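Below is start19.cif, holding mmCIF, C-alpha atoms.
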data_work
#
loop_
_atom_site.label_atom_id
_atom_site.label_comp_id
_atom_site.auth_asym_id
_atom_site.auth_seq_id
_atom_site.Cartn_x
_atom_site.Cartn_y
_atom_site.Cartn_z
CA MET M 1 5.21 24.07 5.84
CA GLY M 2 3.24 24.28 2.62
CA ILE M 3 -0.42 24.75 1.87
CA PHE M 4 -2.77 23.11 -0.58
CA MET M 5 -5.07 24.86 -3.02
CA ALA M 6 -8.47 25.39 -1.40
CA ASP M 7 -10.85 23.07 -3.24
CA ARG M 8 -9.55 20.00 -5.09
CA SER M 9 -12.62 17.85 -4.40
CA HIS M 10 -13.74 17.79 -8.04
CA ASP M 11 -10.32 17.23 -9.62
CA HIS M 12 -9.74 14.00 -11.50
CA PRO M 13 -7.27 11.68 -9.71
CA SER M 14 -4.83 12.08 -12.60
CA THR M 15 -4.85 15.84 -12.01
CA LEU M 16 -4.34 15.40 -8.27
CA ALA M 17 -1.37 13.11 -8.95
CA ALA M 18 0.20 15.29 -11.66
CA GLN M 19 -0.05 18.42 -9.51
CA ALA M 20 0.68 16.54 -6.25
CA LEU M 21 -2.52 18.06 -4.81
CA GLY M 22 -1.52 21.52 -5.98
CA ARG M 23 0.71 22.28 -3.02
CA VAL M 24 2.22 25.77 -3.05
CA ASP M 25 4.87 26.87 -0.56
CA PRO M 26 3.45 29.93 1.25
CA GLU M 27 6.82 31.68 1.55
CA THR M 28 8.43 31.12 -1.84
CA ARG M 29 5.30 30.20 -3.88
CA ALA M 30 7.27 27.21 -5.17
CA ILE M 31 5.17 24.37 -6.58
CA ILE M 32 7.83 21.70 -5.86
CA PRO M 33 8.10 20.86 -2.16
CA PRO M 34 11.37 21.11 -0.23
CA ILE M 35 13.16 18.18 1.40
CA HIS M 36 13.33 18.41 5.20
CA PRO M 37 16.46 16.57 6.43
CA SER M 38 16.17 17.82 10.02
CA THR M 39 15.94 15.01 12.56
CA THR M 40 14.56 17.15 15.39
CA TYR M 41 12.45 20.26 15.87
CA GLU M 42 12.31 23.38 18.00
CA ARG M 43 11.28 23.07 21.64
CA SER M 44 10.00 25.84 23.86
CA ALA M 45 11.40 26.61 27.29
CA ASP M 46 8.75 24.37 28.85
CA GLY M 47 9.81 21.44 26.64
CA SER M 48 6.81 21.59 24.32
CA CYS M 49 7.08 21.61 20.53
CA PRO M 50 5.40 24.74 19.11
CA GLY M 51 5.40 23.31 15.59
CA GLY M 52 3.68 20.11 16.66
CA ARG M 53 6.59 17.91 15.56
CA THR M 54 8.99 16.12 17.89
CA TYR M 55 11.25 13.83 15.88
CA THR M 56 11.73 12.89 12.24
CA ARG M 57 11.00 9.21 12.77
CA ASP M 58 7.26 9.81 12.63
CA HIS M 59 6.84 13.55 12.09
CA ASN M 60 8.99 14.48 9.10
CA PRO M 61 7.08 17.10 7.05
CA THR M 62 8.37 15.60 3.79
CA TYR M 63 5.94 12.71 4.41
CA ASP M 64 2.87 14.94 4.52
CA GLN M 65 2.33 15.52 0.83
CA PRO M 66 2.87 11.99 -0.54
CA GLU M 67 0.82 10.47 2.30
CA THR M 68 -2.05 12.90 1.73
CA LEU M 69 -1.92 12.35 -2.01
CA LEU M 70 -1.92 8.55 -1.73
CA ALA M 71 -4.85 8.61 0.69
CA ARG M 72 -6.81 10.77 -1.78
CA LEU M 73 -5.97 8.52 -4.73
CA GLU M 74 -7.05 5.39 -2.83
CA GLY M 75 -10.17 6.99 -1.36
CA GLY M 76 -8.95 6.43 2.21
CA ASP M 77 -8.88 8.57 5.32
CA ALA M 78 -5.09 8.52 5.77
CA ALA M 79 -1.85 6.93 4.61
CA LEU M 80 1.53 6.13 6.12
CA LEU M 81 4.86 5.68 4.37
CA PHE M 82 7.29 2.93 5.35
CA SER M 83 10.87 2.04 4.55
CA SER M 84 9.75 -0.82 2.26
CA GLY M 85 6.72 -2.83 1.26
CA MET M 86 7.82 -5.55 3.68
CA ALA M 87 8.02 -2.98 6.49
CA ALA M 88 4.42 -1.98 5.76
CA ALA M 89 3.22 -5.58 5.63
CA THR M 90 5.04 -6.73 8.77
CA THR M 91 3.75 -3.73 10.71
CA VAL M 92 0.21 -4.92 10.03
CA PHE M 93 0.95 -8.44 11.25
CA GLU M 94 2.84 -7.19 14.29
CA THR M 95 -0.49 -5.85 15.60
CA LEU M 96 -1.61 -9.45 16.11
CA ASP M 97 -1.58 -11.23 19.44
CA VAL M 98 0.03 -14.65 19.84
CA GLY M 99 -2.23 -17.31 18.37
CA ASP M 100 -4.35 -14.98 16.24
CA HIS M 101 -5.55 -16.52 13.00
CA VAL M 102 -4.64 -15.23 9.53
CA VAL M 103 -6.02 -16.27 6.15
CA ALA M 104 -3.84 -15.50 3.13
CA PRO M 105 -3.71 -16.60 -0.53
CA ARG M 106 -1.43 -19.36 -1.72
CA GLN M 107 -0.21 -17.22 -4.60
CA MET M 108 1.25 -13.99 -3.24
CA TYR M 109 4.52 -12.12 -2.94
CA TRP M 110 6.79 -14.92 -1.80
CA THR M 111 8.65 -12.97 0.92
CA ILE M 112 5.42 -12.09 2.74
CA ARG M 113 4.18 -15.67 2.43
CA ARG M 114 7.45 -17.11 3.70
CA TRP M 115 7.46 -14.68 6.64
CA LEU M 116 3.89 -15.67 7.54
CA GLU M 117 4.83 -19.34 7.37
CA GLU M 118 7.80 -18.68 9.66
CA LEU M 119 5.53 -16.86 12.12
CA GLY M 120 3.23 -19.87 12.06
CA ALA M 121 6.10 -22.30 12.58
CA ARG M 122 7.24 -20.30 15.62
CA GLY M 123 3.76 -20.35 17.12
CA ARG M 124 3.21 -16.62 16.73
CA ILE M 125 0.12 -16.95 14.55
CA GLU M 126 -2.17 -19.60 13.12
CA LEU M 127 -2.17 -19.52 9.34
CA ASP M 128 -4.36 -20.90 6.58
CA LEU M 129 -3.43 -20.47 2.93
CA VAL M 130 -6.31 -20.75 0.48
CA PRO M 131 -6.47 -20.79 -3.33
CA ASN M 132 -6.72 -17.28 -4.72
CA GLY M 133 -10.28 -16.25 -5.41
CA ASP M 134 -11.81 -19.50 -4.09
CA GLN M 135 -14.64 -18.11 -1.96
CA ALA M 136 -15.75 -21.51 -0.72
CA ALA M 137 -12.25 -22.28 0.53
CA LEU M 138 -12.04 -18.85 2.14
CA VAL M 139 -15.32 -19.28 4.02
CA ALA M 140 -14.23 -22.75 5.15
CA ALA M 141 -10.93 -21.38 6.47
CA LEU M 142 -12.45 -18.51 8.44
CA ARG M 143 -12.74 -18.93 12.21
CA PRO M 144 -15.35 -16.47 13.49
CA GLY M 145 -14.04 -14.51 16.44
CA ARG M 146 -10.48 -15.80 15.93
CA THR M 147 -9.56 -14.78 12.38
CA ARG M 148 -8.11 -11.28 12.65
CA ILE M 149 -6.72 -10.60 9.18
CA VAL M 150 -7.67 -11.80 5.71
CA TRP M 151 -4.89 -10.85 3.32
CA VAL M 152 -5.72 -10.32 -0.35
CA GLU M 153 -3.27 -9.83 -3.19
CA THR M 154 -4.90 -9.04 -6.50
CA PRO M 155 -3.56 -9.35 -9.14
CA ALA M 156 -1.27 -11.83 -7.40
CA ASN M 157 2.46 -12.10 -7.90
CA PRO M 158 3.53 -13.92 -10.08
CA THR M 159 0.49 -15.59 -11.71
CA CYS M 160 -1.84 -12.54 -11.83
CA ALA M 161 -4.59 -14.55 -10.11
CA ILE M 162 -7.58 -12.31 -9.35
CA THR M 163 -9.60 -12.18 -6.14
CA ASP M 164 -13.08 -10.70 -5.76
CA ILE M 165 -12.41 -8.12 -3.06
CA ALA M 166 -16.05 -7.34 -2.30
CA ALA M 167 -16.99 -11.01 -1.84
CA THR M 168 -13.93 -11.55 0.35
CA VAL M 169 -14.82 -8.52 2.46
CA GLN M 170 -18.38 -9.75 2.98
CA ALA M 171 -17.19 -13.13 4.27
CA ALA M 172 -14.32 -11.74 6.34
CA HIS M 173 -16.34 -9.02 8.03
CA ALA M 174 -19.05 -11.52 8.91
CA ALA M 175 -16.36 -13.47 10.77
CA GLY M 176 -15.05 -10.35 12.50
CA ALA M 177 -11.83 -10.09 10.46
CA ARG M 178 -10.19 -7.14 8.74
CA VAL M 179 -9.33 -7.30 5.06
CA VAL M 180 -5.95 -6.00 3.90
CA ALA M 181 -5.43 -5.75 0.14
CA ASP M 182 -1.99 -5.76 -1.43
CA SER M 183 -2.69 -3.60 -4.47
CA THR M 184 0.91 -3.16 -5.61
CA LEU M 185 0.31 -4.41 -9.16
CA ALA M 186 -3.01 -2.66 -9.70
CA THR M 187 -2.29 0.74 -8.10
CA PRO M 188 -5.24 3.11 -7.56
CA VAL M 189 -5.29 3.71 -11.31
CA LEU M 190 -6.78 0.25 -11.94
CA CYS M 191 -8.40 -0.68 -8.62
CA ARG M 192 -9.28 1.05 -5.35
CA PRO M 193 -9.86 -1.76 -2.82
CA ILE M 194 -11.39 0.56 -0.22
CA GLU M 195 -14.28 1.18 -2.60
CA HIS M 196 -14.90 -2.59 -2.45
CA GLY M 197 -14.87 -2.64 1.36
CA ALA M 198 -11.22 -3.34 2.21
CA ASP M 199 -10.05 -1.98 5.56
CA LEU M 200 -6.41 -1.40 4.59
CA VAL M 201 -4.50 -1.16 1.32
CA MET M 202 -0.82 -2.04 1.16
CA HIS M 203 1.66 -1.01 -1.53
CA SER M 204 5.22 -1.84 -2.25
CA ALA M 205 5.74 1.73 -3.41
CA THR M 206 9.08 0.64 -4.86
CA LYS M 207 7.18 -0.59 -7.91
CA GLN M 208 4.52 1.28 -9.89
CA LEU M 209 3.84 4.07 -7.39
CA ASN M 210 7.41 5.33 -7.75
CA GLY M 211 8.01 4.01 -11.24
CA HIS M 212 11.69 4.89 -11.57
CA ALA M 213 13.43 1.96 -9.80
CA ASP M 214 15.30 4.34 -7.52
CA VAL M 215 13.26 4.27 -4.29
CA LEU M 216 12.70 1.49 -1.76
CA ALA M 217 9.40 2.31 -0.06
CA GLY M 218 6.12 0.95 1.23
CA ALA M 219 2.75 2.39 2.19
CA LEU M 220 -0.46 1.62 4.01
CA VAL M 221 -3.78 3.38 3.42
CA THR M 222 -6.69 3.07 5.83
CA ALA M 223 -10.37 3.24 5.04
CA ARG M 224 -10.93 5.04 8.38
CA CYS M 225 -8.88 6.60 11.13
CA ASP M 226 -9.71 4.53 14.21
CA ALA M 227 -7.95 3.00 17.21
CA TYR M 228 -6.49 0.25 15.03
CA TRP M 229 -4.95 2.79 12.66
CA ASP M 230 -3.58 4.71 15.64
CA ARG M 231 -1.90 1.48 16.75
CA ILE M 232 -0.25 1.06 13.34
CA ALA M 233 0.97 4.69 13.35
CA HIS M 234 2.27 4.27 16.90
CA ASP M 235 4.11 1.07 16.00
CA ARG M 236 5.66 2.60 12.89
CA GLY M 237 7.24 5.32 15.01
CA TYR M 238 8.54 2.95 17.67
CA ARG M 239 9.80 0.30 15.25
CA GLY M 240 11.52 2.93 13.11
CA ALA M 241 10.28 1.43 9.85
CA VAL M 242 10.20 4.84 8.22
CA LEU M 243 11.22 6.36 4.93
CA GLY M 244 14.02 8.89 4.60
CA PRO M 245 12.98 12.42 3.55
CA PHE M 246 14.84 12.23 0.23
CA GLU M 247 13.13 8.94 -0.63
CA ALA M 248 9.74 10.42 0.31
CA TRP M 249 10.45 13.36 -2.01
CA LEU M 250 11.44 11.01 -4.85
CA LEU M 251 8.31 8.94 -4.33
CA LEU M 252 6.13 12.02 -4.68
CA ARG M 253 7.98 12.89 -7.89
CA GLY M 254 7.23 9.42 -9.24
CA MET M 255 3.55 9.54 -8.29
CA ARG M 256 3.05 12.62 -10.45
CA THR M 257 3.26 10.46 -13.59
CA LEU M 258 1.35 7.46 -12.20
CA TYR M 259 -1.71 8.00 -14.40
CA LEU M 260 0.46 8.30 -17.47
CA ARG M 261 2.65 5.27 -16.79
CA VAL M 262 0.17 2.64 -15.62
CA PRO M 263 -2.16 2.68 -18.68
CA HIS M 264 0.86 2.43 -20.98
CA SER M 265 2.31 -0.40 -18.88
CA ALA M 266 -0.99 -2.27 -19.08
CA ALA M 267 -1.26 -1.76 -22.84
CA SER M 268 2.32 -2.96 -23.33
CA ALA M 269 1.73 -5.98 -21.09
CA GLN M 270 -1.36 -6.91 -23.10
CA ARG M 271 0.55 -6.81 -26.39
CA ILE M 272 3.49 -8.76 -24.98
CA ALA M 273 1.18 -11.40 -23.47
CA GLU M 274 -0.70 -11.79 -26.75
CA ARG M 275 2.56 -12.16 -28.66
CA LEU M 276 3.94 -14.73 -26.23
CA THR M 277 0.89 -16.95 -26.64
CA SER M 278 1.91 -17.53 -30.25
CA TYR M 279 5.34 -18.91 -29.36
CA ALA M 280 5.54 -22.68 -29.25
CA ALA M 281 8.36 -22.52 -26.71
CA VAL M 282 6.09 -20.77 -24.18
CA ALA M 283 3.97 -23.23 -22.20
CA GLU M 284 1.67 -20.76 -20.47
CA VAL M 285 1.21 -17.00 -20.19
CA PHE M 286 -0.12 -15.53 -16.95
CA TYR M 287 -1.97 -12.31 -17.72
CA PRO M 288 -5.61 -11.63 -16.78
CA GLY M 289 -6.13 -9.48 -19.86
CA LEU M 290 -5.98 -12.64 -21.95
CA THR M 291 -9.34 -14.31 -22.54
CA THR M 292 -7.60 -17.62 -21.80
CA HIS M 293 -6.65 -16.56 -18.25
CA PRO M 294 -8.88 -18.38 -15.72
CA ASP M 295 -9.72 -15.08 -13.98
CA HIS M 296 -10.26 -12.99 -17.10
CA ALA M 297 -13.95 -12.37 -16.40
#
Once you've parsed the file, please lay out its structure as structure tokens.
Amino acid sequence: MGIFMADRSHDHPSTLAAQALGRVDPETRAIIPPIHPSTTYERSADGSCPGGRTYTRDHNPTYDQPETLLARLEGGDAALLFSSGMAAATTVFETLDVGDHVVAPRQMYWTIRRWLEELGARGRIELDLVPNGDQAALVAALRPGRTRIVWVETPANPTCAITDIAATVQAAHAAGARVVADSTLATPVLCRPIEHGADLVMHSATKQLNGHADVLAGALVTARCDAYWDRIAHDRGYRGAVLGPFEAWLLLRGMRTLYLRVPHSAASAQRIAERLTSYAAVAEVFYPGLTTHPDHA
């Protein structure tokens, strides 16, 4: 087990990411963490686990550092890694009871939307899809006491539609619903949904968080550790939707350069979008950095 440098509370997020919280192995003084492939852990004669870990499915120590780092970057209380972004998303929706109501945007990652529509068709949930960022439509769709989750994806895939997280949170919380923000495109470099009131943040860590196209991973970050978060952690362990230790190690490696990569990606995207607007063969360019994008403001 490693340790972290004593006080990192005043470090800039880019420093925390680059140094991966400044973890130093207490035995070797190595600054790069080891990979723990063990699937099980020592038990005492009475059957207890002196190290506090029982099985790799939910207690692998290779998870500790990237989960702690991601929680710090997002401003949340805790984070959990999953085997994919879809595994993270479906774990959230599996906490719902039959007939619970969900509000989600029309423009969102198509696999999550299709899965929600299939759940609705099978009678598992009740689903309303509303135009992204349309607060009036959102309020009209909410069912106080019955709506359990309001899903937000901003910027949305593939049109980069933007949703006002704070306004959505205000309406959703008034109806007794939790707000989950898919912040895959933005990453904590550009937006921290918890600061705007979101209850959970979801990432397909396969994308910008890792940044090297060699890891399939997902993550959830919670604004607070409560009974609901305990349920999600419990379900992750039982459903087995977990990341392998090598993939967790690679993800941490990728997150070290997050604050270098994302600003350059955004700058490149802006230049490409501006160039594409001048091509007669291009009908429309979807990028919120353009003043012509409907959600630019």
- Task: Pick out the residues sitting within 10 Å of M:Tyr238, and hand them over as a list in words; count only C-alpha atoms, and ignore anything fewer than 5 positions along from it in its own chain.
- Result: Arg57, Asp58, Ile232 and Ala233 of chain M
- Query: Written as a ChimeraX atom specification, what is the full residue list that the PyMOL selection byres ((chain M and resi 108) around 7) yields on the file shown?
  - Reply: /M:105-107,109-110,113,153,156-157
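Atom CA of M:Trp115 sits 18.4 Å away from atom CA of M:Asn132.
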- Query: Using all atoms listed in the file, which residue out of M:Gly289, M:Arg231, M:Val102, M:Leu209 lies closest to M:Leu260?
  - Reply: M:Leu209
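Taking atom CA of M:Arg23 as the reference point, atom CA of M:Ser44 is found at 28.7 Å.
With all atoms listed in the file as the atoms that count, the minimum distance from M:Ala166 to the choices M:Ala198, M:Val24, M:Leu129, M:Val180 is reached by M:Ala198.
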- Query: Which residues come within 12 Å of stretch 292-295 of chain M, counting all atoms listed in the file, excluding same-chain residues fewer than 2 positions away, as a ChimeraX atom specification?
  - Reply: /M:132-134,154-156,159-164,273-274,277,284-290,297
Taking the structure I provided as the source, export stretch 157-193 of chain M with N, CA and C atoms, as a short mmCIF file (atom, residue, chain, number, x, y, z; two decimals), in the first residue's frame.
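Saved the output as part_7.cif:
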data_model
loop_
_atom_site.label_atom_id
_atom_site.label_comp_id
_atom_site.auth_asym_id
_atom_site.auth_seq_id
_atom_site.Cartn_x
_atom_site.Cartn_y
_atom_site.Cartn_z
N ASN M 157 -23.38 14.26 -27.11
CA ASN M 157 -22.88 13.52 -28.26
C ASN M 157 -24.06 13.21 -29.18
N PRO M 158 -24.04 13.61 -30.47
CA PRO M 158 -22.90 14.15 -31.23
C PRO M 158 -23.03 15.63 -31.57
N THR M 159 -24.08 16.31 -31.11
CA THR M 159 -24.34 17.67 -31.59
C THR M 159 -23.74 18.75 -30.70
N CYS M 160 -23.13 18.38 -29.58
CA CYS M 160 -22.55 19.34 -28.63
C CYS M 160 -23.60 20.28 -28.05
N ALA M 161 -24.86 19.83 -27.97
CA ALA M 161 -25.89 20.64 -27.31
C ALA M 161 -25.51 20.81 -25.85
N ILE M 162 -25.79 22.01 -25.31
CA ILE M 162 -25.40 22.35 -23.95
C ILE M 162 -26.64 22.42 -23.05
N THR M 163 -26.50 21.92 -21.84
CA THR M 163 -27.56 21.98 -20.85
C THR M 163 -27.08 22.77 -19.63
N ASP M 164 -27.94 23.62 -19.11
CA ASP M 164 -27.64 24.38 -17.90
C ASP M 164 -27.80 23.43 -16.72
N ILE M 165 -26.68 22.99 -16.15
CA ILE M 165 -26.73 21.99 -15.08
C ILE M 165 -27.42 22.55 -13.85
N ALA M 166 -27.06 23.77 -13.45
CA ALA M 166 -27.62 24.34 -12.23
C ALA M 166 -29.14 24.49 -12.31
N ALA M 167 -29.65 24.96 -13.46
CA ALA M 167 -31.09 25.10 -13.62
C ALA M 167 -31.78 23.74 -13.60
N THR M 168 -31.14 22.77 -14.22
CA THR M 168 -31.70 21.41 -14.22
C THR M 168 -31.74 20.85 -12.82
N VAL M 169 -30.67 21.06 -12.06
CA VAL M 169 -30.62 20.57 -10.68
C VAL M 169 -31.73 21.20 -9.83
N GLN M 170 -31.93 22.48 -9.98
CA GLN M 170 -32.97 23.16 -9.20
C GLN M 170 -34.34 22.55 -9.44
N ALA M 171 -34.67 22.31 -10.72
CA ALA M 171 -35.97 21.73 -11.04
C ALA M 171 -36.07 20.28 -10.59
N ALA M 172 -35.00 19.51 -10.82
CA ALA M 172 -35.02 18.09 -10.48
C ALA M 172 -35.11 17.87 -8.98
N HIS M 173 -34.31 18.59 -8.23
CA HIS M 173 -34.32 18.43 -6.78
C HIS M 173 -35.67 18.84 -6.18
N ALA M 174 -36.30 19.84 -6.76
CA ALA M 174 -37.62 20.24 -6.28
C ALA M 174 -38.64 19.13 -6.47
N ALA M 175 -38.42 18.27 -7.47
CA ALA M 175 -39.31 17.14 -7.73
C ALA M 175 -38.87 15.87 -7.01
N GLY M 176 -37.76 15.96 -6.26
CA GLY M 176 -37.28 14.80 -5.52
C GLY M 176 -36.42 13.86 -6.32
N ALA M 177 -35.84 14.33 -7.45
CA ALA M 177 -35.04 13.48 -8.32
C ALA M 177 -33.55 13.80 -8.17
N ARG M 178 -32.73 12.79 -8.44
CA ARG M 178 -31.29 12.98 -8.50
C ARG M 178 -30.88 13.38 -9.91
N VAL M 179 -29.80 14.15 -9.99
CA VAL M 179 -29.27 14.55 -11.29
C VAL M 179 -27.93 13.86 -11.51
N VAL M 180 -27.83 13.15 -12.62
CA VAL M 180 -26.59 12.49 -13.02
C VAL M 180 -26.10 13.15 -14.30
N ALA M 181 -24.87 13.63 -14.29
CA ALA M 181 -24.31 14.34 -15.44
C ALA M 181 -23.25 13.50 -16.12
N ASP M 182 -23.49 13.20 -17.39
CA ASP M 182 -22.46 12.57 -18.22
C ASP M 182 -21.55 13.69 -18.70
N SER M 183 -20.33 13.72 -18.12
CA SER M 183 -19.39 14.80 -18.42
C SER M 183 -18.20 14.29 -19.21
N THR M 184 -18.43 13.25 -20.01
CA THR M 184 -17.35 12.61 -20.76
C THR M 184 -16.61 13.61 -21.65
N LEU M 185 -17.36 14.42 -22.41
CA LEU M 185 -16.72 15.34 -23.34
C LEU M 185 -16.01 16.47 -22.62
N ALA M 186 -16.62 16.98 -21.55
CA ALA M 186 -16.06 18.15 -20.88
C ALA M 186 -14.86 17.82 -20.02
N THR M 187 -14.92 16.72 -19.29
CA THR M 187 -13.93 16.33 -18.29
C THR M 187 -13.89 17.40 -17.18
N PRO M 188 -13.30 17.11 -16.03
CA PRO M 188 -13.21 18.13 -14.98
C PRO M 188 -12.35 19.33 -15.35
N VAL M 189 -11.63 19.25 -16.46
CA VAL M 189 -10.84 20.40 -16.90
C VAL M 189 -11.75 21.56 -17.30
N LEU M 190 -12.86 21.23 -17.97
CA LEU M 190 -13.75 22.25 -18.52
C LEU M 190 -15.01 22.45 -17.71
N CYS M 191 -15.45 21.45 -16.98
CA CYS M 191 -16.69 21.58 -16.20
C CYS M 191 -16.68 20.58 -15.06
N ARG M 192 -17.12 21.03 -13.87
CA ARG M 192 -17.24 20.15 -12.72
C ARG M 192 -18.70 20.19 -12.26
N PRO M 193 -19.52 19.26 -12.77
CA PRO M 193 -20.97 19.31 -12.53
C PRO M 193 -21.36 19.34 -11.06
#
